[in-house]
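Text of start19.csv, listed as CSV, C-alpha atoms:
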```
chain,number,residue,atom,x,y,z
Y,1,MET,CA,12.4,57.0,5.2
Y,2,THR,CA,9.3,58.0,7.2
Y,3,SER,CA,7.2,57.8,4.1
Y,4,ARG,CA,8.6,54.3,3.3
Y,5,ILE,CA,7.8,53.0,6.8
Y,6,ALA,CA,4.3,54.4,6.4
Y,7,TRP,CA,3.9,52.6,3.1
Y,8,ILE,CA,5.0,49.3,4.6
Y,9,VAL,CA,2.5,49.8,7.5
Y,10,THR,CA,-0.2,50.5,5.0
Y,11,LEU,CA,0.5,47.3,3.1
Y,12,LEU,CA,0.6,45.2,6.3
Y,13,PHE,CA,-2.9,46.5,7.4
Y,14,SER,CA,-4.3,46.1,3.9
Y,15,GLY,CA,-3.2,42.5,3.7
Y,16,MET,CA,-1.1,43.2,0.5
Y,17,LEU,CA,2.3,42.3,2.1
Y,18,PHE,CA,2.8,38.6,2.7
Y,19,PHE,CA,5.6,36.7,4.4
Y,20,PRO,CA,6.6,33.3,3.2
Y,21,GLN,CA,4.5,30.7,5.0
Y,22,GLU,CA,6.0,27.6,6.6
Y,23,SER,CA,5.2,24.4,4.8
Y,24,PRO,CA,2.9,21.9,6.5
Y,25,LEU,CA,4.6,19.4,8.8
Y,26,THR,CA,5.2,15.8,7.8
Y,27,PRO,CA,6.8,13.1,9.9
Y,28,GLN,CA,10.0,13.6,8.0
Y,29,SER,CA,10.0,17.4,8.4
Y,30,LEU,CA,9.1,17.2,12.1
Y,31,GLN,CA,12.1,14.9,12.6
Y,32,ALA,CA,14.4,17.5,11.0
Y,33,GLU,CA,12.9,20.3,13.1
Y,34,LEU,CA,13.4,18.3,16.3
Y,35,ALA,CA,17.0,17.6,15.3
Y,36,ARG,CA,17.6,21.4,15.2
Y,37,LYS,CA,16.8,21.6,19.0
Y,38,PRO,CA,14.8,24.9,18.7
Y,39,TYR,CA,14.6,27.2,21.6
Y,40,GLY,CA,12.9,30.4,22.6
Y,41,ALA,CA,10.5,31.9,20.1
Y,42,ASP,CA,11.6,29.3,17.5
Y,43,ALA,CA,10.5,26.5,19.8
Y,44,GLU,CA,7.2,28.3,20.5
Y,45,ARG,CA,6.5,28.4,16.7
Y,46,LEU,CA,7.3,24.8,16.2
Y,47,ALA,CA,5.1,23.8,19.2
Y,48,GLU,CA,2.2,25.7,17.6
Y,49,ARG,CA,2.8,24.0,14.3
Y,50,VAL,CA,2.8,20.6,16.0
Y,51,ARG,CA,-0.5,21.4,17.8
Y,52,SER,CA,-2.0,22.3,14.5
Y,53,TYR,CA,-0.7,19.2,12.8
Y,54,PHE,CA,-1.9,16.7,15.4
Y,55,GLY,CA,-5.1,18.4,16.3
Y,56,LYS,CA,-7.0,19.0,19.5
Y,57,ASP,CA,-6.3,15.5,20.9
Y,58,ILE,CA,-2.7,16.4,21.5
Y,59,SER,CA,-3.7,18.2,24.7
Y,60,ASP,CA,-6.1,15.4,25.8
Y,61,ALA,CA,-4.4,13.9,28.9
Y,62,ALA,CA,-6.6,10.8,28.7
Y,63,LYS,CA,-5.6,9.7,25.2
Y,64,GLY,CA,-3.1,12.0,23.4
Y,65,ALA,CA,-2.9,12.4,19.7
Y,66,ALA,CA,-3.0,9.6,17.2
Y,67,PRO,CA,0.3,9.1,15.3
Y,68,LYS,CA,0.9,10.6,11.9
Y,69,ILE,CA,2.1,8.0,9.4
Y,70,ASP,CA,3.9,8.5,6.1
Y,71,ASP,CA,4.8,5.1,4.7
Y,72,LEU,CA,7.4,3.8,7.2
Y,73,THR,CA,7.9,7.0,9.1
Y,74,VAL,CA,5.7,7.6,12.2
Y,75,ALA,CA,5.4,10.7,14.4
Y,76,TRP,CA,3.8,11.0,17.8
Y,77,ALA,CA,3.1,14.1,19.9
Y,78,ILE,CA,1.4,14.9,23.2
Y,79,GLU,CA,1.1,18.1,25.3
Y,80,LEU,CA,1.6,17.6,29.1
Y,81,PRO,CA,1.7,20.6,31.4
Y,82,ASN,CA,3.9,20.1,34.4
Y,83,ALA,CA,5.1,16.6,33.5
Y,84,SER,CA,7.6,15.4,36.0
Y,85,VAL,CA,9.2,13.0,33.5
Y,86,ALA,CA,9.5,13.1,29.7
Y,87,PRO,CA,6.8,10.8,28.1
Y,88,ARG,CA,7.6,8.0,25.7
Y,89,VAL,CA,5.8,5.8,23.3
Y,90,SER,CA,5.9,2.0,23.9
Y,91,SER,CA,4.6,-1.1,22.3
Y,92,ASP,CA,2.5,-3.7,24.1
Y,93,THR,CA,5.5,-6.1,24.0
Y,94,GLY,CA,7.9,-3.5,25.2
Y,95,LYS,CA,10.2,-4.1,22.2
Y,96,PHE,CA,9.5,-0.6,20.8
Y,97,LEU,CA,10.4,2.4,23.1
Y,98,LEU,CA,10.5,6.0,21.7
Y,99,PRO,CA,11.4,8.8,24.2
Y,100,LEU,CA,9.7,12.0,23.2
Y,101,THR,CA,11.6,15.2,23.0
Y,102,ARG,CA,10.3,18.4,24.7
Y,103,ILE,CA,10.1,21.3,22.3
Y,104,GLY,CA,12.0,24.1,24.0
Y,105,ASN,CA,10.4,25.1,27.2
Y,106,THR,CA,6.9,24.4,25.9
Y,107,ASN,CA,4.6,21.6,27.2
Y,108,VAL,CA,4.7,19.8,23.8
Y,109,TYR,CA,6.6,16.6,23.4
Y,110,ALA,CA,7.2,14.9,20.0
Y,111,GLY,CA,9.2,12.0,18.5
Y,112,VAL,CA,9.6,10.3,15.1
Y,113,ALA,CA,10.7,6.8,14.2
Y,114,ARG,CA,11.3,4.9,11.0
Y,115,LEU,CA,10.0,1.4,11.2
Y,116,ALA,CA,10.6,-1.8,9.1
Y,117,TRP,CA,8.1,-2.6,6.3
Y,118,GLY,CA,5.2,-4.6,7.8
Y,119,THR,CA,5.8,-3.7,11.4
Y,120,ALA,CA,2.6,-3.9,13.5
Y,121,PHE,CA,2.1,-3.5,17.2
Y,122,LYS,CA,-0.2,-1.9,19.8
Y,123,TRP,CA,1.2,1.3,21.1
Y,124,ARG,CA,0.5,3.8,24.0
Y,125,TYR,CA,2.0,6.9,25.6
Y,126,GLU,CA,3.7,6.3,29.0
Y,127,VAL,CA,4.4,9.0,31.5
Y,128,GLY,CA,6.2,7.3,34.4
Y,129,GLU,CA,3.8,4.6,35.5
Y,130,GLN,CA,0.8,6.3,33.8
Y,131,LYS,CA,-0.5,4.8,30.5
Y,132,ILE,CA,-2.2,7.1,28.1
Y,133,GLY,CA,-4.3,6.3,25.0
Y,134,GLY,CA,-2.9,4.0,22.3
Y,135,GLY,CA,-4.0,2.0,19.4
Y,136,ASN,CA,-3.0,-0.3,16.6
Y,137,LEU,CA,-0.1,0.6,14.2
Y,138,GLU,CA,0.9,-0.9,10.9
Y,139,VAL,CA,3.3,0.5,8.4
Y,140,TYR,CA,4.0,-0.3,4.8
Y,141,THR,CA,5.3,1.6,1.8
Y,142,THR,CA,2.8,2.6,-0.9
Y,143,PRO,CA,3.4,0.7,-4.1
Y,144,ALA,CA,4.2,2.8,-7.1
Y,145,GLU,CA,1.3,1.2,-8.9
Y,146,ALA,CA,-1.1,2.5,-6.3
Y,147,LYS,CA,-0.2,6.1,-7.3
Y,148,GLU,CA,-1.3,8.0,-10.4
Y,149,GLN,CA,1.5,8.0,-12.9
Y,150,ALA,CA,2.2,10.4,-15.7
Y,151,GLY,CA,1.2,9.2,-19.2
Y,152,ILE,CA,-1.1,6.5,-17.9
Y,153,ALA,CA,-4.7,6.8,-19.2
Y,154,LYS,CA,-7.3,6.8,-16.5
Y,155,GLY,CA,-10.4,4.6,-16.6
Y,156,LYS,CA,-13.8,5.9,-15.7
Y,157,LEU,CA,-15.6,5.1,-12.4
Y,158,THR,CA,-19.4,5.6,-12.5
Y,159,GLN,CA,-21.8,5.4,-9.6
Y,160,MET,CA,-24.8,3.4,-10.8
Y,161,PRO,CA,-28.4,4.0,-9.7
Y,162,LYS,CA,-29.2,2.4,-6.4
Y,163,TRP,CA,-29.9,-1.3,-6.8
Y,164,ALA,CA,-33.0,-3.0,-5.4
Y,165,SER,CA,-32.3,-6.7,-5.3
Y,166,LYS,CA,-34.8,-9.5,-5.9
Y,167,ILE,CA,-32.6,-12.3,-4.6
Y,168,PHE,CA,-31.9,-10.3,-1.4
Y,169,GLU,CA,-35.4,-9.2,-1.3
Y,170,GLY,CA,-36.1,-5.9,0.5
Y,171,THR,CA,-32.5,-4.6,0.2
Y,172,THR,CA,-31.0,-1.8,-1.8
Y,173,ARG,CA,-27.4,-0.9,-2.3
Y,174,ASP,CA,-24.9,1.6,-3.8
Y,175,TRP,CA,-22.6,0.3,-6.4
Y,176,TRP,CA,-20.0,1.5,-9.0
Y,177,VAL,CA,-18.6,0.3,-12.3
Y,178,TYR,CA,-15.0,1.1,-13.4
Y,179,VAL,CA,-14.2,0.8,-17.1
Y,180,PRO,CA,-10.5,1.0,-18.1
Y,181,ALA,CA,-9.4,3.4,-20.8
Y,182,GLN,CA,-8.4,0.5,-23.0
Y,183,TYR,CA,-11.9,-1.1,-23.1
Y,184,LYS,CA,-13.4,-1.7,-26.5
Y,185,ALA,CA,-17.0,-2.9,-26.9
Y,186,ALA,CA,-16.0,-5.2,-29.7
Y,187,SER,CA,-13.7,-7.1,-27.3
Y,188,PRO,CA,-15.6,-8.3,-24.2
Y,189,ALA,CA,-13.6,-7.6,-21.1
Y,190,CYS,CA,-12.6,-9.6,-18.0
Y,191,VAL,CA,-14.4,-8.6,-14.8
Y,192,MET,CA,-13.5,-8.3,-11.1
Y,193,VAL,CA,-16.1,-7.9,-8.4
Y,194,PHE,CA,-15.3,-6.3,-5.0
Y,195,GLN,CA,-17.4,-6.6,-1.9
Y,196,ASP,CA,-17.4,-3.5,0.4
Y,197,GLY,CA,-17.1,-1.6,-2.8
Y,198,GLN,CA,-17.8,1.7,-1.2
Y,199,ASN,CA,-14.2,1.5,0.2
Y,200,ALA,CA,-12.4,-0.5,-2.6
Y,201,LYS,CA,-13.6,2.0,-5.3
Y,202,ASN,CA,-11.3,4.6,-3.6
Y,203,TYR,CA,-8.0,2.8,-4.3
Y,204,VAL,CA,-8.5,-0.1,-6.7
Y,205,PRO,CA,-9.1,1.9,-10.0
Y,206,VAL,CA,-5.6,3.6,-10.0
Y,207,VAL,CA,-4.0,0.2,-9.6
Y,208,PHE,CA,-6.1,-1.2,-12.4
Y,209,ASP,CA,-5.1,1.8,-14.6
Y,210,ASN,CA,-1.4,1.2,-14.1
Y,211,LEU,CA,-1.4,-2.6,-14.4
Y,212,ILE,CA,-3.7,-2.7,-17.4
Y,213,ALA,CA,-1.6,0.0,-19.2
Y,214,LYS,CA,1.6,-2.1,-18.6
Y,215,GLY,CA,0.0,-5.3,-19.8
Y,216,GLU,CA,0.4,-6.9,-16.3
Y,217,MET,CA,-3.3,-7.7,-16.1
Y,218,PRO,CA,-5.9,-7.9,-18.8
Y,219,VAL,CA,-8.5,-5.2,-19.7
Y,220,THR,CA,-10.8,-5.7,-16.7
Y,221,VAL,CA,-14.1,-4.0,-15.7
Y,222,GLY,CA,-14.3,-3.5,-12.0
Y,223,ILE,CA,-17.6,-3.8,-10.1
Y,224,PHE,CA,-17.8,-2.3,-6.6
Y,225,LEU,CA,-20.7,-3.4,-4.5
Y,226,ALA,CA,-21.7,-2.1,-1.1
Y,227,PRO,CA,-23.6,-4.4,1.2
Y,228,GLY,CA,-27.3,-4.3,1.0
Y,229,THR,CA,-29.4,-2.2,3.4
Y,230,ARG,CA,-32.7,-3.5,4.6
Y,231,ALA,CA,-35.9,-1.4,4.6
Y,232,ASP,CA,-35.5,-0.7,8.4
Y,233,GLY,CA,-32.0,0.7,7.7
Y,234,ARG,CA,-30.1,-2.2,9.1
Y,235,SER,CA,-27.1,-3.6,7.1
Y,236,ASN,CA,-27.5,-7.0,5.4
Y,237,ARG,CA,-23.8,-7.4,5.2
Y,238,SER,CA,-23.2,-10.4,7.5
Y,239,PHE,CA,-26.1,-12.3,6.0
Y,240,GLU,CA,-24.9,-11.8,2.5
Y,241,TYR,CA,-21.2,-12.3,3.1
Y,242,ASP,CA,-20.9,-14.9,5.9
Y,243,THR,CA,-23.6,-17.3,4.8
Y,244,LEU,CA,-22.4,-20.5,3.2
Y,245,SER,CA,-24.9,-20.7,0.2
Y,246,ASP,CA,-25.1,-19.9,-3.5
Y,247,GLN,CA,-27.3,-16.8,-2.9
Y,248,TYR,CA,-24.6,-14.2,-3.4
Y,249,ALA,CA,-23.3,-16.0,-6.5
Y,250,ARG,CA,-26.8,-16.0,-7.9
Y,251,PHE,CA,-27.2,-12.3,-7.0
Y,252,LEU,CA,-24.1,-11.6,-9.2
Y,253,LEU,CA,-24.9,-13.9,-12.0
Y,254,GLU,CA,-28.6,-13.2,-12.3
Y,255,GLU,CA,-28.8,-9.5,-11.4
Y,256,ILE,CA,-25.5,-7.5,-11.4
Y,257,LEU,CA,-23.5,-8.9,-14.3
Y,258,PRO,CA,-26.5,-8.9,-16.7
Y,259,GLU,CA,-27.1,-5.3,-15.7
Y,260,VAL,CA,-23.5,-4.3,-16.4
Y,261,GLU,CA,-23.6,-6.1,-19.7
Y,262,LYS,CA,-26.4,-4.0,-21.0
Y,263,THR,CA,-23.7,-1.4,-21.5
Y,264,TYR,CA,-20.3,-3.2,-21.4
Y,265,PRO,CA,-20.0,-6.7,-22.9
Y,266,LEU,CA,-18.0,-9.0,-20.6
Y,267,ARG,CA,-16.3,-12.4,-21.0
Y,268,HIS,CA,-18.2,-15.4,-19.5
Y,269,ASP,CA,-15.4,-17.9,-19.0
Y,270,ALA,CA,-14.5,-18.5,-15.3
Y,271,ALA,CA,-10.8,-17.7,-16.0
Y,272,SER,CA,-11.9,-14.1,-16.9
Y,273,ARG,CA,-13.9,-13.5,-13.7
Y,274,ALA,CA,-12.3,-12.6,-10.4
Y,275,ILE,CA,-13.8,-11.6,-7.1
Y,276,GLY,CA,-12.3,-10.1,-3.9
Y,277,GLY,CA,-13.0,-8.7,-0.5
Y,278,ILE,CA,-11.8,-8.0,3.0
Y,279,SER,CA,-12.9,-9.8,6.2
Y,280,SER,CA,-16.5,-11.1,5.6
Y,281,GLY,CA,-16.1,-9.9,2.0
Y,282,GLY,CA,-13.2,-12.2,1.7
Y,283,ILE,CA,-15.1,-15.3,2.7
Y,284,CYS,CA,-17.9,-14.2,0.5
Y,285,ALA,CA,-15.5,-14.1,-2.5
Y,286,TRP,CA,-14.4,-17.6,-1.8
Y,287,THR,CA,-18.0,-18.8,-1.4
Y,288,VAL,CA,-19.0,-17.4,-4.8
Y,289,ALA,CA,-16.1,-19.3,-6.5
Y,290,TRP,CA,-16.7,-22.4,-4.4
Y,291,GLU,CA,-20.4,-22.5,-5.3
Y,292,ARG,CA,-19.9,-21.5,-9.0
Y,293,PRO,CA,-16.3,-22.5,-9.9
Y,294,ASN,CA,-17.3,-22.6,-13.6
Y,295,GLU,CA,-18.3,-19.0,-13.4
Y,296,PHE,CA,-15.6,-17.5,-11.1
Y,297,SER,CA,-12.2,-18.9,-10.8
Y,298,LYS,CA,-10.0,-16.2,-9.2
Y,299,VAL,CA,-10.4,-15.1,-5.5
Y,300,LEU,CA,-8.7,-12.3,-3.5
Y,301,SER,CA,-9.2,-12.5,0.2
Y,302,TRP,CA,-7.8,-10.1,2.8
Y,303,VAL,CA,-8.1,-11.0,6.5
Y,304,GLY,CA,-10.9,-13.4,5.4
Y,305,SER,CA,-13.5,-14.3,8.0
Y,306,PHE,CA,-13.2,-18.1,7.7
Y,307,THR,CA,-14.7,-18.4,11.1
Y,308,ASN,CA,-18.0,-19.4,12.7
Y,309,ILE,CA,-20.0,-16.1,12.2
Y,310,ALA,CA,-23.0,-17.3,10.2
Y,311,SER,CA,-23.4,-20.4,12.4
Y,312,GLY,CA,-27.1,-20.9,11.8
Y,313,ASP,CA,-29.5,-22.7,14.2
Y,314,SER,CA,-27.0,-25.5,14.8
Y,315,LYS,CA,-24.2,-23.0,15.8
Y,316,ARG,CA,-22.0,-25.2,13.5
Y,317,GLU,CA,-22.7,-23.9,10.0
Y,318,GLY,CA,-20.1,-21.1,9.6
Y,319,GLY,CA,-17.1,-20.5,7.4
Y,320,HIS,CA,-14.8,-22.4,9.7
Y,321,ASN,CA,-16.1,-25.5,7.9
Y,322,TYR,CA,-14.2,-24.6,4.7
Y,323,ALA,CA,-10.9,-26.0,5.9
Y,324,ALA,CA,-12.4,-29.4,6.2
Y,325,LEU,CA,-14.6,-29.1,3.1
Y,326,ILE,CA,-11.6,-28.3,0.9
Y,327,ARG,CA,-9.9,-31.5,2.1
Y,328,LYS,CA,-12.9,-33.8,1.6
Y,329,THR,CA,-14.3,-32.3,-1.7
Y,330,PRO,CA,-12.8,-33.0,-5.1
Y,331,LYS,CA,-10.5,-30.1,-6.1
Y,332,LYS,CA,-12.3,-27.2,-7.8
Y,333,PRO,CA,-10.7,-25.0,-10.5
Y,334,ILE,CA,-10.1,-22.0,-8.2
Y,335,ARG,CA,-7.0,-19.8,-7.8
Y,336,ILE,CA,-6.9,-17.9,-4.5
Y,337,PHE,CA,-4.7,-15.2,-3.0
Y,338,LEU,CA,-4.9,-15.1,0.8
Y,339,GLN,CA,-3.6,-12.4,3.2
Y,340,ASP,CA,-3.6,-12.3,7.0
Y,341,GLY,CA,-1.6,-11.2,10.0
Y,342,GLU,CA,-0.7,-12.6,13.4
Y,343,ASN,CA,-2.5,-9.7,15.1
Y,344,ASP,CA,-5.9,-10.3,13.4
Y,345,LEU,CA,-9.1,-10.9,15.4
Y,346,ASP,CA,-9.6,-13.5,18.1
Y,347,ASN,CA,-13.2,-13.5,19.5
Y,348,ALA,CA,-16.3,-15.6,20.1
Y,349,HIS,CA,-16.5,-16.4,16.3
Y,350,GLY,CA,-13.0,-17.8,16.2
Y,351,ASN,CA,-9.4,-16.9,15.7
Y,352,TRP,CA,-8.8,-15.3,12.3
Y,353,PRO,CA,-5.0,-15.9,12.0
Y,354,LEU,CA,-5.5,-19.6,12.8
Y,355,ALA,CA,-8.5,-19.9,10.5
Y,356,ASN,CA,-6.5,-18.4,7.5
Y,357,GLN,CA,-3.5,-20.7,8.3
Y,358,GLN,CA,-5.9,-23.7,8.3
Y,359,MET,CA,-7.3,-22.5,5.0
Y,360,ALA,CA,-3.8,-22.3,3.5
Y,361,LYS,CA,-2.9,-25.8,4.8
Y,362,SER,CA,-6.1,-27.3,3.4
Y,363,LEU,CA,-5.5,-25.6,0.0
Y,364,ALA,CA,-2.0,-27.0,-0.1
Y,365,PHE,CA,-3.2,-30.5,0.9
Y,366,ALA,CA,-5.8,-30.5,-1.8
Y,367,GLY,CA,-3.4,-29.2,-4.5
Y,368,TYR,CA,-5.0,-25.8,-5.1
Y,369,ASP,CA,-3.3,-22.9,-6.9
Y,370,TYR,CA,-3.0,-20.6,-4.0
Y,371,GLN,CA,-0.7,-18.0,-2.4
Y,372,PHE,CA,-0.7,-17.1,1.3
Y,373,VAL,CA,0.9,-13.8,2.4
Y,374,TRP,CA,1.4,-13.7,6.1
Y,375,GLY,CA,2.4,-10.7,8.2
Y,376,GLN,CA,2.1,-9.0,11.6
Y,377,GLY,CA,-0.9,-7.0,10.8
Y,378,PHE,CA,-4.3,-6.4,12.4
Y,379,HIS,CA,-7.8,-6.7,11.0
Y,380,SER,CA,-7.3,-4.0,8.4
Y,381,ASP,CA,-6.8,-3.4,4.7
Y,382,ARG,CA,-3.3,-1.9,5.1
Y,383,HIS,CA,-1.3,-5.0,4.3
Y,384,GLY,CA,-3.6,-6.0,1.5
Y,385,ARG,CA,-3.4,-2.7,-0.1
Y,386,ALA,CA,0.4,-2.7,0.1
Y,387,VAL,CA,0.5,-6.0,-1.8
Y,388,LEU,CA,-2.5,-5.4,-4.1
Y,389,PRO,CA,-0.5,-4.9,-7.3
Y,390,ASP,CA,1.5,-8.0,-6.7
Y,391,SER,CA,-1.6,-10.0,-5.8
Y,392,LEU,CA,-3.4,-8.9,-9.0
Y,393,ARG,CA,-0.4,-9.7,-11.1
Y,394,TRP,CA,-0.3,-13.2,-9.5
Y,395,LEU,CA,-4.1,-13.8,-10.0
Y,396,TRP,CA,-4.1,-12.7,-13.6
Y,397,ARG,CA,-0.8,-14.3,-14.6
Y,398,ASP,CA,-0.9,-16.4,-17.8
Y,399,HIS,CA,-4.4,-15.0,-18.7
Y,400,LYS,CA,-5.3,-15.3,-22.3
```

If you convert what's in this file into structure tokens, what do you get?
Amino acid sequence: MTSRIAWIVTLLFSGMLFFPQESPLTPQSLQAELARKPYGADAERLAERVRSYFGKDISDAAKGAAPKIDDLTVAWAIELPNASVAPRVSSDTGKFLLPLTRIGNTNVYAGVARLAWGTAFKWRYEVGEQKIGGGNLEVYTTPAEAKEQAGIAKGKLTQMPKWASKIFEGTTRDWWVYVPAQYKAASPACVMVFQDGQNAKNYVPVVFDNLIAKGEMPVTVGIFLAPGTRADGRSNRSFEYDTLSDQYARFLLEEILPEVEKTYPLRHDAASRAIGGISSGGICAWTVAWERPNEFSKVLSWVGSFTNIASGDSKREGGHNYAALIRKTPKKPIRIFLQDGENDLDNAHGNWPLANQQMAKSLAFAGYDYQFVWGQGFHSDRHGRAVLPDSLRWLWRDHK
């Protein structure tokens, strides 16, 4: 027996004996752990796991930790030594209240809630009358088409050499080209351009992979363009995206598309070209189609900035004019998918929710082929990403 104990001790010190490690916490597993009502050493272990999961901000009495989100399940945690009352999480409207549970006799409090799809509100921690931290919260489920699926061939995403533009003289930009697995040079492909491509490239290709494989959208090359950067290092984003002119359309038609076609033949009919973006990238997408409807006929806009940002010298030349222009200009052959939420921006440039509602009303008045998806969300891509597969199916429906 003595020799066996000595052997185990030797293994422990040599690192050759391992005990099963606890799996990392998730909002769901934390909820299950809290339901067990751990105490003593068990509670101490759970508190330490919660500290590790939420990070150092959990002990910051000025802001607390940001929530952990897994689709519709949300977890909060904060560490408060000597708290006289248990903290809770509340929304700005007071409609959401979540009392947090103390973990054993530790100073760590945590709570988990499952919310309805599309829920959005401003939240904060409350300790009695004290308000701590907070932020914006939106929850959606992740569409199946936004996840890699077994048996679906993956397209190839390639970062292209940095582009020095002549039309936006003095700017350079990063950009990427996605080519689906089904692409054949003998059959020119459709094309879809994304502004703020440095972000969109991280989640659009997998959706393209799944929809193209299922025949729910045509074989489509994706072009992901970052905004230009000037020689002094400043971003050229607002000038490129918010200006009401044909400059960005010419940039695509005279520079980017010809460059891509050196390698990948593309279709040239407007019905085979789509363009999308978020915020200022959304109004940019609309402007390209508005200026060149015979070159681009499909538009995807998330929380589009149809507001008075690029107002020019007169202070009246911004994107808020589109709502009136659409009504007073002969209808153009453009199909557009709009998304926005009631908690979007409201600032000196305008009110984003109102601007998008006015766009939708003008499109309806003028008889455009449009869809407007409205929610509770903030100025983010969360809602747009949750409906991206459906929006692409709608944009590319009946394509031949």

Using all atoms listed in the file, can you tell me which of Y:Gly151, Y:Gly94, Y:Gly104, Y:Pro205 comes closest to Y:Pro38? Y:Gly104

Within 9 Å of file point (2.6, 8.9, 33.9), counting all atoms listed in the file, expressed as an MDAnalysis selection string: chainID Y and resid 83:85 87 125:132

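For the residues Y:Gln247, Y:Thr307, Y:Asn347, Y:Thr106, ranking by smallest atom-to-atom distance to Y:Arg45 using all atoms listed in the file places Y:Thr106 first.
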
Would you mind reading off the distance between atom CA of Y:Thr171 and atom CA of Y:Phe251, one decimal, in Å?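 Taking atom CA of Y:Thr171 as the start and atom CA of Y:Phe251 as the end point, the length is 11.8 Å.
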
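Coordinates place atom CA of Y:Asn210 at a distance of 5.9 Å from atom CA of Y:Glu145.
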
Show me a table, sorted first by chain and then by increasing residue number, of the residues of stretch 233-338 of chain Y having an atom at most 9 Å from stretch 174-197 of chain Y, each with its shortest atom pair and the distance in Å to one decimal, counting only C-alpha atoms and written as a Markdown table.
```
| residue | atom | partner | partner_atom | distance |
| --- | --- | --- | --- | --- |
| Y:Arg237 | CA | Y:Asp196 | CA | 8.9 |
| Y:Tyr241 | CA | Y:Gln195 | CA | 8.5 |
| Y:Leu252 | CA | Y:Val193 | CA | 8.9 |
| Y:Val260 | CA | Y:Val177 | CA | 7.9 |
| Y:Thr263 | CA | Y:Ala185 | CA | 8.7 |
| Y:Tyr264 | CA | Y:Ala185 | CA | 6.4 |
| Y:Pro265 | CA | Y:Pro188 | CA | 4.9 |
| Y:Leu266 | CA | Y:Pro188 | CA | 4.4 |
| Y:Arg267 | CA | Y:Pro188 | CA | 5.2 |
| Y:His268 | CA | Y:Cys190 | CA | 8.2 |
| Y:Asp269 | CA | Y:Cys190 | CA | 8.8 |
| Y:Ala271 | CA | Y:Cys190 | CA | 8.5 |
| Y:Ser272 | CA | Y:Cys190 | CA | 4.7 |
| Y:Arg273 | CA | Y:Val191 | CA | 5.0 |
| Y:Ala274 | CA | Y:Met192 | CA | 4.5 |
| Y:Ile275 | CA | Y:Val193 | CA | 4.5 |
| Y:Gly276 | CA | Y:Phe194 | CA | 5.0 |
| Y:Gly277 | CA | Y:Gln195 | CA | 5.1 |
| Y:Ile278 | CA | Y:Gln195 | CA | 7.6 |
| Y:Ser280 | CA | Y:Gln195 | CA | 8.8 |
| Y:Gly281 | CA | Y:Gln195 | CA | 5.3 |
| Y:Gly282 | CA | Y:Gln195 | CA | 7.9 |
| Y:Cys284 | CA | Y:Gln195 | CA | 8.0 |
| Y:Ala285 | CA | Y:Gln195 | CA | 7.8 |
| Y:Lys298 | CA | Y:Met192 | CA | 8.8 |
```

Identify the residues around (-1.6, -28.3, -4.5) within a radius of 12 Å, measuring from all atoms listed in the file in the coordinates stated by the file, and give them as JSON, numbers by chain. {"Y": [326, 327, 331, 332, 333, 334, 335, 336, 360, 361, 362, 363, 364, 365, 366, 367, 368, 369, 370, 371]}

Restricted to C-alpha atoms, what would the selected residues look like written as a PDB file, in the coordinates of the input?
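result-v1.pdb was written with the following content:
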```
ATOM      1  CA  ILE Y 326     -11.600 -28.300   0.900  1.00  0.00           C
ATOM      2  CA  ARG Y 327      -9.900 -31.500   2.100  1.00  0.00           C
ATOM      3  CA  LYS Y 331     -10.500 -30.100  -6.100  1.00  0.00           C
ATOM      4  CA  LYS Y 332     -12.300 -27.200  -7.800  1.00  0.00           C
ATOM      5  CA  PRO Y 333     -10.700 -25.000 -10.500  1.00  0.00           C
ATOM      6  CA  ILE Y 334     -10.100 -22.000  -8.200  1.00  0.00           C
ATOM      7  CA  ARG Y 335      -7.000 -19.800  -7.800  1.00  0.00           C
ATOM      8  CA  ILE Y 336      -6.900 -17.900  -4.500  1.00  0.00           C
ATOM      9  CA  ALA Y 360      -3.800 -22.300   3.500  1.00  0.00           C
ATOM     10  CA  LYS Y 361      -2.900 -25.800   4.800  1.00  0.00           C
ATOM     11  CA  SER Y 362      -6.100 -27.300   3.400  1.00  0.00           C
ATOM     12  CA  LEU Y 363      -5.500 -25.600   0.000  1.00  0.00           C
ATOM     13  CA  ALA Y 364      -2.000 -27.000  -0.100  1.00  0.00           C
ATOM     14  CA  PHE Y 365      -3.200 -30.500   0.900  1.00  0.00           C
ATOM     15  CA  ALA Y 366      -5.800 -30.500  -1.800  1.00  0.00           C
ATOM     16  CA  GLY Y 367      -3.400 -29.200  -4.500  1.00  0.00           C
ATOM     17  CA  TYR Y 368      -5.000 -25.800  -5.100  1.00  0.00           C
ATOM     18  CA  ASP Y 369      -3.300 -22.900  -6.900  1.00  0.00           C
ATOM     19  CA  TYR Y 370      -3.000 -20.600  -4.000  1.00  0.00           C
ATOM     20  CA  GLN Y 371      -0.700 -18.000  -2.400  1.00  0.00           C
TER      21      GLN Y 371
END
```
